[in-house]
Structures are given as C-alpha cells and as structure tokens.
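*Asks:* So here's data_16.cif, just mmCIF, C-alpha atoms and all ligand atoms:
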```
data_my_file
loop_
_atom_site.label_atom_id
_atom_site.label_comp_id
_atom_site.auth_asym_id
_atom_site.auth_seq_id
_atom_site.Cartn_x
_atom_site.Cartn_y
_atom_site.Cartn_z
CA THR B 1 0.00 0.00 0.00
CA HIS B 2 2.17 2.81 -1.34
CA PHE B 3 0.06 5.69 -0.05
CA GLY B 4 -0.49 4.17 3.36
CA PHE B 5 -4.17 3.54 2.65
CA GLN B 6 -6.02 0.67 4.18
CA GLN B 7 -6.47 -1.99 1.51
CA VAL B 8 -8.75 -4.93 0.85
CA PRO B 9 -8.47 -7.58 -1.87
CA ILE B 10 -9.82 -6.42 -5.20
CA THR B 11 -11.17 -8.69 -7.92
CA GLU B 12 -9.89 -8.71 -11.48
CA LYS B 13 -12.99 -7.15 -13.04
CA ALA B 14 -12.89 -4.40 -10.47
CA ASN B 15 -9.25 -3.92 -11.36
CA ARG B 16 -10.12 -3.23 -14.99
CA VAL B 17 -12.55 -0.49 -13.93
CA ALA B 18 -9.86 0.82 -11.62
CA GLY B 19 -7.53 1.00 -14.62
CA VAL B 20 -9.92 3.30 -16.48
CA PHE B 21 -9.96 5.71 -13.57
CA HIS B 22 -6.22 5.43 -13.10
CA SER B 23 -5.73 6.76 -16.61
CA VAL B 24 -8.12 9.70 -16.11
CA ALA B 25 -7.31 10.58 -12.48
CA ASP B 26 -5.18 13.63 -13.26
CA LYS B 27 -7.63 15.23 -15.67
CA TYR B 28 -10.64 14.10 -13.72
CA ASP B 29 -11.76 17.41 -12.20
CA VAL B 30 -11.36 19.41 -15.40
CA MET B 31 -13.26 16.78 -17.38
CA ASN B 32 -16.13 16.82 -14.88
CA ASP B 33 -16.62 20.53 -15.38
CA VAL B 34 -16.24 20.39 -19.15
CA MET B 35 -18.48 17.39 -19.73
CA SER B 36 -21.30 18.56 -17.51
CA PHE B 37 -20.90 22.27 -18.32
CA GLY B 38 -20.27 22.74 -14.61
CA VAL B 39 -23.69 21.37 -13.68
CA HIS B 40 -22.21 18.46 -11.66
CA ARG B 41 -21.57 21.06 -8.95
CA LEU B 42 -25.32 21.69 -8.67
CA TRP B 43 -26.13 17.95 -8.63
CA LYS B 44 -23.64 17.51 -5.78
CA ARG B 45 -24.94 20.56 -3.88
CA PHE B 46 -28.45 19.10 -4.10
CA THR B 47 -27.14 15.77 -2.78
CA ILE B 48 -25.48 17.43 0.23
CA ASP B 49 -28.70 19.28 1.07
CA ALA B 50 -30.79 16.10 0.73
CA ALA B 51 -28.40 14.16 3.02
CA GLY B 52 -29.25 16.39 5.97
CA ALA B 53 -25.91 15.83 7.74
CA LYS B 54 -25.51 17.22 11.25
CA ARG B 55 -22.57 18.02 13.51
CA GLY B 56 -21.04 14.86 14.91
CA ASN B 57 -22.37 12.59 12.14
CA ARG B 58 -20.35 9.75 10.64
CA VAL B 59 -20.39 9.95 6.85
CA LEU B 60 -19.03 7.51 4.27
CA ASP B 61 -18.46 8.84 0.74
CA LEU B 62 -18.06 5.75 -1.43
CA ALA B 63 -16.37 5.82 -4.83
CA GLY B 64 -15.58 9.30 -3.59
CA GLY B 65 -12.85 9.98 -6.15
CA THR B 66 -11.33 13.40 -5.74
CA GLY B 67 -13.49 14.19 -2.75
CA ASP B 68 -16.07 16.83 -3.80
CA LEU B 69 -18.75 15.49 -1.45
CA ALA B 70 -16.35 14.51 1.34
CA ALA B 71 -14.98 18.07 1.49
CA LYS B 72 -18.45 19.52 1.98
CA PHE B 73 -19.41 16.91 4.58
CA ALA B 74 -16.18 17.49 6.52
CA ARG B 75 -17.21 21.11 7.11
CA ILE B 76 -20.74 20.17 8.19
CA VAL B 77 -19.97 17.33 10.64
CA GLY B 78 -17.19 19.26 12.37
CA GLU B 79 -14.44 17.97 14.61
CA ASP B 80 -16.60 15.56 16.57
CA GLY B 81 -17.83 14.02 13.34
CA GLU B 82 -16.07 11.68 10.96
CA VAL B 83 -15.90 11.54 7.16
CA ILE B 84 -14.42 8.61 5.30
CA LEU B 85 -13.45 9.17 1.70
CA SER B 86 -13.29 5.75 0.11
CA ASP B 87 -12.47 4.63 -3.42
CA ILE B 88 -11.25 1.45 -5.06
CA ASN B 89 -8.56 3.39 -6.91
CA ALA B 90 -5.40 4.59 -5.15
CA SER B 91 -4.70 7.37 -7.69
CA MET B 92 -8.15 8.91 -7.27
CA LEU B 93 -7.88 8.64 -3.50
CA GLU B 94 -4.44 10.23 -3.48
CA ASN B 95 -5.73 13.13 -5.64
CA GLY B 96 -8.61 13.51 -3.20
CA ARG B 97 -6.34 13.58 -0.20
CA GLU B 98 -4.10 16.21 -1.82
CA ARG B 99 -7.04 18.37 -2.80
CA LEU B 100 -8.61 18.29 0.66
CA THR B 101 -5.31 18.86 2.43
CA ASP B 102 -4.53 21.84 0.16
CA ARG B 103 -7.85 23.38 1.14
CA GLY B 104 -7.11 22.92 4.83
CA ILE B 105 -9.70 20.17 5.25
CA GLY B 106 -8.61 16.94 6.83
CA GLY B 107 -8.61 16.65 10.62
CA ASN B 108 -11.84 14.66 10.59
CA VAL B 109 -11.34 12.86 7.25
CA ARG B 110 -9.93 9.36 6.80
CA TYR B 111 -9.01 7.73 3.48
CA VAL B 112 -9.79 4.09 2.89
CA GLN B 113 -9.13 2.18 -0.33
CA ALA B 114 -11.98 -0.30 -0.65
CA ASN B 115 -14.29 -2.05 -3.07
CA ALA B 116 -17.90 -0.97 -2.46
CA GLU B 117 -18.94 -4.63 -2.76
CA CYS B 118 -17.21 -5.66 0.47
CA LEU B 119 -16.86 -2.74 2.81
CA PRO B 120 -14.24 -3.06 5.56
CA PHE B 121 -16.37 -1.31 8.23
CA ALA B 122 -18.32 -2.41 11.30
CA ASP B 123 -22.07 -3.04 11.16
CA ASN B 124 -24.38 -0.10 12.01
CA HIS B 125 -21.60 2.49 11.91
CA PHE B 126 -22.59 5.37 9.58
CA ASP B 127 -25.34 8.00 9.71
CA ILE B 128 -24.99 8.76 6.01
CA ILE B 129 -23.54 6.98 2.98
CA THR B 130 -23.19 8.69 -0.39
CA ILE B 131 -22.10 7.23 -3.69
CA ALA B 132 -21.93 9.77 -6.51
CA PHE B 133 -21.38 8.58 -10.08
CA GLY B 134 -19.89 5.42 -8.62
CA LEU B 135 -22.53 2.68 -8.42
CA ARG B 136 -22.54 2.48 -12.22
CA ASN B 137 -18.96 1.20 -12.13
CA VAL B 138 -19.53 -1.45 -9.50
CA THR B 139 -19.68 -4.98 -10.90
CA ASP B 140 -22.11 -6.53 -8.40
CA LYS B 141 -24.45 -3.66 -7.52
CA ASP B 142 -26.81 -5.78 -5.39
CA LYS B 143 -23.91 -6.96 -3.29
CA ALA B 144 -22.65 -3.40 -2.91
CA LEU B 145 -26.10 -2.15 -1.83
CA ARG B 146 -26.34 -4.93 0.78
CA SER B 147 -22.87 -4.04 2.02
CA MET B 148 -23.90 -0.37 2.38
CA TYR B 149 -27.05 -1.40 4.23
CA ARG B 150 -25.00 -3.44 6.68
CA VAL B 151 -22.64 -0.60 7.68
CA LEU B 152 -25.44 1.99 7.96
CA LYS B 153 -26.90 2.71 11.42
CA PRO B 154 -30.63 2.18 11.96
CA GLY B 155 -32.09 5.59 11.06
CA GLY B 156 -29.24 6.17 8.63
CA ARG B 157 -29.64 6.91 4.94
CA LEU B 158 -28.06 6.14 1.62
CA LEU B 159 -27.91 8.64 -1.23
CA VAL B 160 -27.11 7.40 -4.71
CA LEU B 161 -26.35 10.13 -7.25
CA GLU B 162 -26.06 8.61 -10.69
CA PHE B 163 -26.74 9.03 -14.38
CA SER B 164 -30.21 7.79 -15.16
CA LYS B 165 -32.76 7.74 -17.94
CA PRO B 166 -33.84 11.03 -19.57
CA VAL B 167 -37.55 11.58 -19.00
CA VAL B 168 -38.08 14.74 -21.05
CA PRO B 169 -39.50 13.95 -24.54
CA GLY B 170 -36.94 14.56 -27.27
CA LEU B 171 -33.99 14.68 -24.89
CA SER B 172 -32.84 11.07 -25.43
CA PRO B 173 -31.55 11.33 -29.04
CA ILE B 174 -29.70 14.57 -28.28
CA TYR B 175 -28.22 13.06 -25.16
CA ASP B 176 -27.18 9.87 -27.00
CA HIS B 177 -25.47 11.93 -29.66
CA TYR B 178 -23.71 13.93 -26.98
CA SER B 179 -22.52 10.92 -25.00
CA PHE B 180 -21.52 8.59 -27.85
CA LYS B 181 -20.09 11.13 -30.30
CA LEU B 182 -19.07 14.34 -28.54
CA LEU B 183 -17.97 12.88 -25.21
CA PRO B 184 -15.23 10.59 -26.62
CA MET B 185 -14.10 13.49 -28.83
CA MET B 186 -13.76 15.78 -25.84
CA GLY B 187 -12.00 13.01 -23.94
CA LYS B 188 -9.52 12.75 -26.79
CA LEU B 189 -8.93 16.51 -26.94
CA ILE B 190 -8.59 17.18 -23.23
CA ALA B 191 -7.25 13.96 -21.74
CA ASN B 192 -5.93 12.33 -24.95
CA ASP B 193 -8.12 9.39 -24.03
CA ALA B 194 -11.21 8.68 -26.13
CA GLU B 195 -11.53 5.10 -24.90
CA SER B 196 -12.21 5.93 -21.25
CA TYR B 197 -15.00 8.28 -22.29
CA ARG B 198 -16.48 5.73 -24.67
CA TYR B 199 -16.55 3.41 -21.68
CA LEU B 200 -18.28 6.17 -19.71
CA ALA B 201 -21.05 6.54 -22.30
CA GLU B 202 -21.58 2.78 -22.44
CA SER B 203 -21.68 2.41 -18.67
CA ILE B 204 -24.31 5.17 -18.51
CA ARG B 205 -26.52 3.43 -21.04
CA MET B 206 -26.21 0.07 -19.26
CA HIS B 207 -27.05 1.48 -15.85
CA PRO B 208 -30.48 0.65 -14.36
CA ASP B 209 -33.13 3.35 -14.79
CA GLN B 210 -34.87 5.20 -11.93
CA VAL B 211 -37.52 2.56 -11.18
CA THR B 212 -35.11 -0.38 -11.44
CA LEU B 213 -32.57 1.17 -9.09
CA LYS B 214 -35.32 1.97 -6.58
CA ALA B 215 -36.37 -1.71 -6.65
CA MET B 216 -32.74 -2.81 -6.22
CA MET B 217 -32.39 -0.60 -3.14
CA GLU B 218 -35.59 -2.04 -1.70
CA ALA B 219 -34.39 -5.57 -2.36
CA ALA B 220 -31.22 -4.78 -0.39
CA GLY B 221 -33.38 -3.77 2.60
CA PHE B 222 -33.76 0.00 2.18
CA GLU B 223 -37.08 1.56 3.11
CA ARG B 224 -38.94 4.72 2.06
CA VAL B 225 -36.91 4.82 -1.14
CA THR B 226 -37.57 7.90 -3.26
CA TYR B 227 -35.82 9.54 -6.18
CA THR B 228 -35.54 13.01 -7.69
CA ASN B 229 -34.80 13.57 -11.35
CA MET B 230 -32.39 16.34 -12.21
CA THR B 231 -31.62 17.89 -15.59
CA GLY B 232 -34.50 16.04 -17.23
CA GLY B 233 -33.56 12.68 -15.72
CA ILE B 234 -30.02 12.67 -17.12
CA VAL B 235 -29.15 12.36 -13.45
CA ALA B 236 -31.25 11.08 -10.54
CA LEU B 237 -30.74 11.16 -6.79
CA HIS B 238 -32.08 8.08 -4.97
CA LYS B 239 -32.50 8.15 -1.21
CA GLY B 240 -33.35 5.27 1.10
CA PHE B 241 -33.36 4.60 4.85
CA LYS B 242 -32.37 1.74 7.09
CA PHE B 243 -34.72 1.34 10.07
N1 LIG D 301 -17.77 10.55 -6.44
C1 LIG D 301 -16.82 11.27 -7.27
C2 LIG D 301 -17.50 12.37 -8.01
O1 LIG D 301 -18.72 12.42 -8.01
O2 LIG D 301 -16.82 13.22 -8.60
C3 LIG D 301 -16.09 10.32 -8.21
C4 LIG D 301 -16.91 9.61 -9.26
S1 LIG D 301 -15.96 8.73 -10.46
C5 LIG D 301 -16.93 8.96 -11.91
C6 LIG D 301 -16.22 7.05 -10.11
C7 LIG D 301 -15.30 6.49 -9.05
O3 LIG D 301 -15.74 5.16 -8.73
C8 LIG D 301 -13.85 6.35 -9.47
O4 LIG D 301 -13.04 7.13 -8.61
C9 LIG D 301 -13.56 4.86 -9.35
O5 LIG D 301 -12.25 4.57 -8.94
C10 LIG D 301 -14.60 4.41 -8.34
N2 LIG D 301 -14.96 2.99 -8.35
C11 LIG D 301 -15.15 2.19 -9.43
N3 LIG D 301 -15.50 0.95 -9.04
C12 LIG D 301 -15.54 0.96 -7.68
C13 LIG D 301 -15.83 -0.03 -6.70
N4 LIG D 301 -16.16 -1.29 -7.04
N5 LIG D 301 -15.76 0.31 -5.39
C14 LIG D 301 -15.42 1.58 -5.05
N6 LIG D 301 -15.14 2.56 -5.93
C15 LIG D 301 -15.20 2.25 -7.24
#
```
Could the structure of this file be written out as structure tokens, please?
*Replies:*
Amino acid sequence: THFGFQQVPITEKANRVAGVFHSVADKYDVMNDVMSFGVHRLWKRFTIDAAGAKRGNRVLDLAGGTGDLAAKFARIVGEDGEVILSDINASMLENGRERLTDRGIGGNVRYVQANAECLPFADNHFDIITIAFGLRNVTDKDKALRSMYRVLKPGGRLLVLEFSKPVVPGLSPIYDHYSFKLLPMMGKLIANDAESYRYLAESIRMHPDQVTLKAMMEAAGFERVTYTNMTGGIVALHKGFKF
C-alpha cells in the first residue's frame, strides 16, 4: 500500500474499472466541469442538502474519487464528526487527499481504499452513505447495496447520485449523440483518451433506470426509497433509509 491507505483484496474485473480511472485521475476534475458544463456542482450541492448531515455525524463517501462530497461533509460534521473518503482506486484517492489537504480540510477525514462490494467497516456504523457517479462502475451492484445497508446505522440513509434515464421527450436522441459522439471526442482533446469516455457513455446506457434502481435498493433492505430527477432525468438522486 504505497500511499499508506487501508487496503482490501480487489477482484480482477474491479481492477479493470480501476484501470480506467487510473488513466483519467489527473484530468478528472477538469473533465467533470467540461463534460457537464459545470452542472455536476449543482447535482452535488443538491445531494449534500438532501443528506441532511448534522454536527457529529459519521459519513461515508463511497467511490468518492477526488473528494467533492467529502470536502463539503467534513465542514458540516465538524471535529466531533467523521468523514471517510473511500475509493477502489489509489490514484483517485491520493488526488482527493491532496485536494482536501490543500484546502485545509482533513482533521476529521480518513481515506480508505476499498471495493464498495465488500466494505471493511463495522455493522451499524454510519449516519450517512453517499455514492456519486460510482454505483454504475460497481460490478455486483446488489452486493454493494447490501454491504452499504450493513454498515449503515438504523435511522441512517443512503444517497445514490447517478446518471439515469432522460424523461423529457426529445432529450434522449440529443443526449445519446452527446454521450456517444461528442464525449469521446472531448476526452480525446482534453485527456488524450477517447476510450475511457467511450466506456463512460456505455456504462451510462447500461445502468439501471430510476424505477429499477429503486427496486434494487428495496431488495437490499432500504425503506422509504424515493428519487428526484435532475436535468430532465439525465441524473437522478435516490434516497433510502435503514430502520
Ligand atoms: N464521487 C466522485 C464524483 O462524483 O466526482 C467520483 C466519481 S468517479 C466517476 C467514479 C469512481 O468510482 C472512481 O473514482 C472509481 O475509482 C470508483 N470505483 C469504481 N469501481 C468501484 C468499486 N467497485 N468500489 C469503489 N469505488 C469504485
């Protein structure tokens, strides 16, 4: 473990996904802003507000990448709280740690390299779990959702922010053109990496739609599962509770 992160065994499939993110880690933040025209900041702000974190809470940001959500949570939960930024990929996690440290955030943040499918945390530990644009990349999503349910406290909640299915008439063809044609082109121009962004477009199309993901969360044990469409359903925020 070259960055001193806690590590757990990672499967080969998961490793391939990790490879994609390894190759984009450095350009990751710029690409997020370019590809979403900056709107990912609003999606994340909405997620923070919906999480309803309080001082002293324990928060787990899964597939947390460069730490956008973790940074915001760290401010809200304060010194008596705890935020864990977790990702399967050491490069993303290292970028996240650098970014947070540079901004003076960190006293209450821990960094844990882990696969969302088998979380290395105690049962009933967290008040809040978030996974933003991460579940899509997880091989066994049902297993990951069950794992999240296990480590959540009774009364705790899970928020899944993810690409979903456009619900506004006429948006789908435009969006498909954008993701399958323009996105790889932009990936090539900015990160010299069309392939990773082709993978991104494909993973978005394969991902379960709003209703299917809600049912998957319920099957994993979550209750009062609701979702909110954003930007015409290009993105949706799912929220569910453990009681
Ligand atoms: N949450 C951040 C955000 O919204 O900017 C990062 C999202 S990034 C698109 C997806 C992240 O998922 C990558 O950092 C990748 O390493 C991570 N990831 C992929 N498969 C994973 C898995 N099985 N367990 C945990 N993290 C995973």
*Asks:* Any chance you could tabulate, as JSON lines, the residues of range 106-142 of chain B at most 12 Å from range 214-225 of chain B with each one's nearest atom pair and distance in Å to one decimal, using all atoms listed in the file, in chain and rising number order?
*Replies:*
```
{"residue": "B:Leu135", "atom": "CA", "partner": "B:Met217", "partner_atom": "CA", "distance": 11.7}
{"residue": "B:Asp140", "atom": "CA", "partner": "B:Met216", "partner_atom": "CA", "distance": 11.5}
{"residue": "B:Lys141", "atom": "CA", "partner": "B:Met216", "partner_atom": "CA", "distance": 8.4}
{"residue": "B:Asp142", "atom": "CA", "partner": "B:Met216", "partner_atom": "CA", "distance": 6.7}
```
*Asks:* Please save C-alpha atoms of the selected residues as an mmCIF file, in the coordinates of the input.
*Replies:*
```cif
data_model
loop_
_atom_site.group_PDB
_atom_site.id
_atom_site.type_symbol
_atom_site.label_atom_id
_atom_site.label_comp_id
_atom_site.auth_asym_id
_atom_site.auth_seq_id
_atom_site.Cartn_x
_atom_site.Cartn_y
_atom_site.Cartn_z
ATOM 1 C CA LEU B 135 -22.530 2.680 -8.420
ATOM 2 C CA ASP B 140 -22.110 -6.530 -8.400
ATOM 3 C CA LYS B 141 -24.450 -3.660 -7.520
ATOM 4 C CA ASP B 142 -26.810 -5.780 -5.390
#
```
*Asks:* Could you list, as number ranges by chain, all protein and nucleic acid residues with an atom at most 9 Å from ligand LIG 301 (chain D), counting all atoms listed in the file?
*Replies:* B: 10-11, 13-15, 17-22, 25, 28-29, 32, 40, 44, 61-70, 86-93, 113-119, 130-141, 144, 161-162, 200
*Asks:* Rounded to one decimal, what separation in Å do you get between CA of Val39 in chain B and CA of Ile234 in chain B?
*Replies:*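 If I compute the distance from CA of Val39 in chain B to CA of Ile234 in chain B, I get 11.3 Å.
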*Asks:* So which residues touch Ile128 in chain B within 6 Å, counting only C-alpha atoms, skipping near sequence neighbours fewer than 3 positions away, as a ChimeraX atom specification?
*Replies:* /B:59,156-158
*Asks:* Using 3 Å of padding on each side, determine the axis-aligned box around all atoms of range 100-110 of chain B present in the file and give its centre and edge lengths in Å to one decimal, as AutoDock Vina command-line options.
*Replies:*
```
--center_x -8.2 --center_y 16.4 --center_z 5.4 --size_x 13.3 --size_y 20.0 --size_z 16.5
```
*Asks:* Using Å and a single decimal, report how far CA of Phe163 in chain B sits from CA of Ile204 in chain B.
*Replies:*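 Those two atoms sit 6.2 Å apart.
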*Asks:* Looking at B:Tyr175, B:Phe37, B:Phe180, B:Tyr227, which one is nearest to Gln210 in chain B, with distances taken over all atoms listed in the file?
*Replies:*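 Closest to Gln210 in chain B, using all atoms listed in the file: B:Tyr227.
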*Asks:* Please indicate the distance in Å from CA of Ala53 in chain B to CA of Met31 in chain B, rounded to one decimal place.
*Replies:*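 Calculated distance between CA of Ala53 in chain B and CA of Met31 in chain B is 28.1 Å.
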*Asks:* Determine, counting all atoms listed in the file, which protein, DNA and RNA residues have an atom within 10 Å of an atom of Val151 in chain B; residues of the same chain fewer than 4 positions away are not included. Present the result as a ChimeraX atom specification.
*Replies:* /B:60,119-129,146-147,156
*Asks:* Can you pull out every residue within 10 Å of Glu195 in chain B, counting all atoms listed in the file, but drop anything in the same chain fewer than 5 positions away, and send it as a CSV table (one decimal) with C-alpha atoms, in the frame of the given file?
*Replies:*
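Output contents, as saved in around_1.csv:
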```csv
chain,number,residue,atom,x,y,z
B,20,VAL,CA,-9.9,3.3,-16.5
B,184,PRO,CA,-15.2,10.6,-26.6
B,185,MET,CA,-14.1,13.5,-28.8
B,187,GLY,CA,-12.0,13.0,-23.9
B,188,LYS,CA,-9.5,12.8,-26.8
B,200,LEU,CA,-18.3,6.2,-19.7
B,201,ALA,CA,-21.0,6.5,-22.3
```
*Asks:* From the options B:Lys239, B:Arg198, B:Lys27, B:Arg45, which residue's atoms come nearest to Asn95 in chain B, counting only C-alpha atoms?
*Replies:*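 The shortest atom-to-atom distance to Asn95 in chain B comes from B:Lys27.
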*Asks:* Could you check the closest approach to Gly233 in chain B for each of B:Glu82, B:Asp209, B:Asp193, B:Glu202 and tell me which residue wins, using all atoms listed in the file?
*Replies:*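 Among B:Glu82, B:Asp209, B:Asp193, B:Glu202, it is B:Asp209 that comes nearest to Gly233 in chain B.
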*Asks:* Which one is closest to Lys165 in chain B: B:Val30, B:Val235, B:Val112, B:Leu183? Count only C-alpha atoms.
*Replies:*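 Closest candidate: B:Val235.
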*Asks:* Which residues come within 8 Å of range 78-81 of chain B, counting only C-alpha atoms, excluding same-chain residues fewer than 6 positions away, as an NGL selection string?
*Replies:* :B and (55-58 or 107-108)
*Asks:* How about completing range 226-241 of chain B with N, CA and C atoms and giving it to me as a PDB file, in the coordinates of the input?
*Replies:*
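Listing of selection-v3.pdb after writing:
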```pdb
ATOM      1  N   THR B 226     -37.015   6.911  -2.324  1.00  0.00           N
ATOM      2  CA  THR B 226     -37.570   7.900  -3.260  1.00  0.00           C
ATOM      3  C   THR B 226     -36.461   8.348  -4.208  1.00  0.00           C
ATOM      4  N   TYR B 227     -36.855   8.961  -5.320  1.00  0.00           N
ATOM      5  CA  TYR B 227     -35.820   9.540  -6.180  1.00  0.00           C
ATOM      6  C   TYR B 227     -36.261  10.877  -6.750  1.00  0.00           C
ATOM      7  N   THR B 228     -35.296  11.700  -7.089  1.00  0.00           N
ATOM      8  CA  THR B 228     -35.540  13.010  -7.690  1.00  0.00           C
ATOM      9  C   THR B 228     -34.772  13.083  -8.988  1.00  0.00           C
ATOM     10  N   ASN B 229     -35.482  13.373 -10.068  1.00  0.00           N
ATOM     11  CA  ASN B 229     -34.800  13.570 -11.350  1.00  0.00           C
ATOM     12  C   ASN B 229     -34.198  14.962 -11.423  1.00  0.00           C
ATOM     13  N   MET B 230     -33.010  15.036 -11.994  1.00  0.00           N
ATOM     14  CA  MET B 230     -32.390  16.340 -12.210  1.00  0.00           C
ATOM     15  C   MET B 230     -31.984  16.443 -13.675  1.00  0.00           C
ATOM     16  N   THR B 231     -31.988  17.667 -14.199  1.00  0.00           N
ATOM     17  CA  THR B 231     -31.620  17.890 -15.590  1.00  0.00           C
ATOM     18  C   THR B 231     -32.353  16.904 -16.514  1.00  0.00           C
ATOM     19  N   GLY B 232     -33.670  16.859 -16.350  1.00  0.00           N
ATOM     20  CA  GLY B 232     -34.500  16.040 -17.230  1.00  0.00           C
ATOM     21  C   GLY B 232     -34.300  14.547 -17.086  1.00  0.00           C
ATOM     22  N   GLY B 233     -33.759  14.112 -15.947  1.00  0.00           N
ATOM     23  CA  GLY B 233     -33.560  12.680 -15.720  1.00  0.00           C
ATOM     24  C   GLY B 233     -32.214  12.170 -16.215  1.00  0.00           C
ATOM     25  N   ILE B 234     -31.387  13.070 -16.740  1.00  0.00           N
ATOM     26  CA  ILE B 234     -30.020  12.670 -17.120  1.00  0.00           C
ATOM     27  C   ILE B 234     -29.331  12.150 -15.869  1.00  0.00           C
ATOM     28  N   VAL B 235     -29.670  12.786 -14.748  1.00  0.00           N
ATOM     29  CA  VAL B 235     -29.150  12.360 -13.450  1.00  0.00           C
ATOM     30  C   VAL B 235     -30.322  12.195 -12.492  1.00  0.00           C
ATOM     31  N   ALA B 236     -30.227  11.215 -11.578  1.00  0.00           N
ATOM     32  CA  ALA B 236     -31.250  11.080 -10.540  1.00  0.00           C
ATOM     33  C   ALA B 236     -30.567  10.876  -9.190  1.00  0.00           C
ATOM     34  N   LEU B 237     -31.212  11.401  -8.147  1.00  0.00           N
ATOM     35  CA  LEU B 237     -30.740  11.160  -6.790  1.00  0.00           C
ATOM     36  C   LEU B 237     -31.734  10.229  -6.096  1.00  0.00           C
ATOM     37  N   HIS B 238     -31.268   9.030  -5.723  1.00  0.00           N
ATOM     38  CA  HIS B 238     -32.080   8.080  -4.970  1.00  0.00           C
ATOM     39  C   HIS B 238     -31.717   8.171  -3.501  1.00  0.00           C
ATOM     40  N   LYS B 239     -32.739   8.094  -2.659  1.00  0.00           N
ATOM     41  CA  LYS B 239     -32.500   8.150  -1.210  1.00  0.00           C
ATOM     42  C   LYS B 239     -33.288   7.035  -0.553  1.00  0.00           C
ATOM     43  N   GLY B 240     -32.661   6.328   0.385  1.00  0.00           N
ATOM     44  CA  GLY B 240     -33.350   5.270   1.100  1.00  0.00           C
ATOM     45  C   GLY B 240     -32.853   5.187   2.529  1.00  0.00           C
ATOM     46  N   PHE B 241     -33.686   4.660   3.422  1.00  0.00           N
ATOM     47  CA  PHE B 241     -33.360   4.600   4.850  1.00  0.00           C
ATOM     48  C   PHE B 241     -33.184   3.156   5.313  1.00  0.00           C
TER      49      PHE B 241
END
```
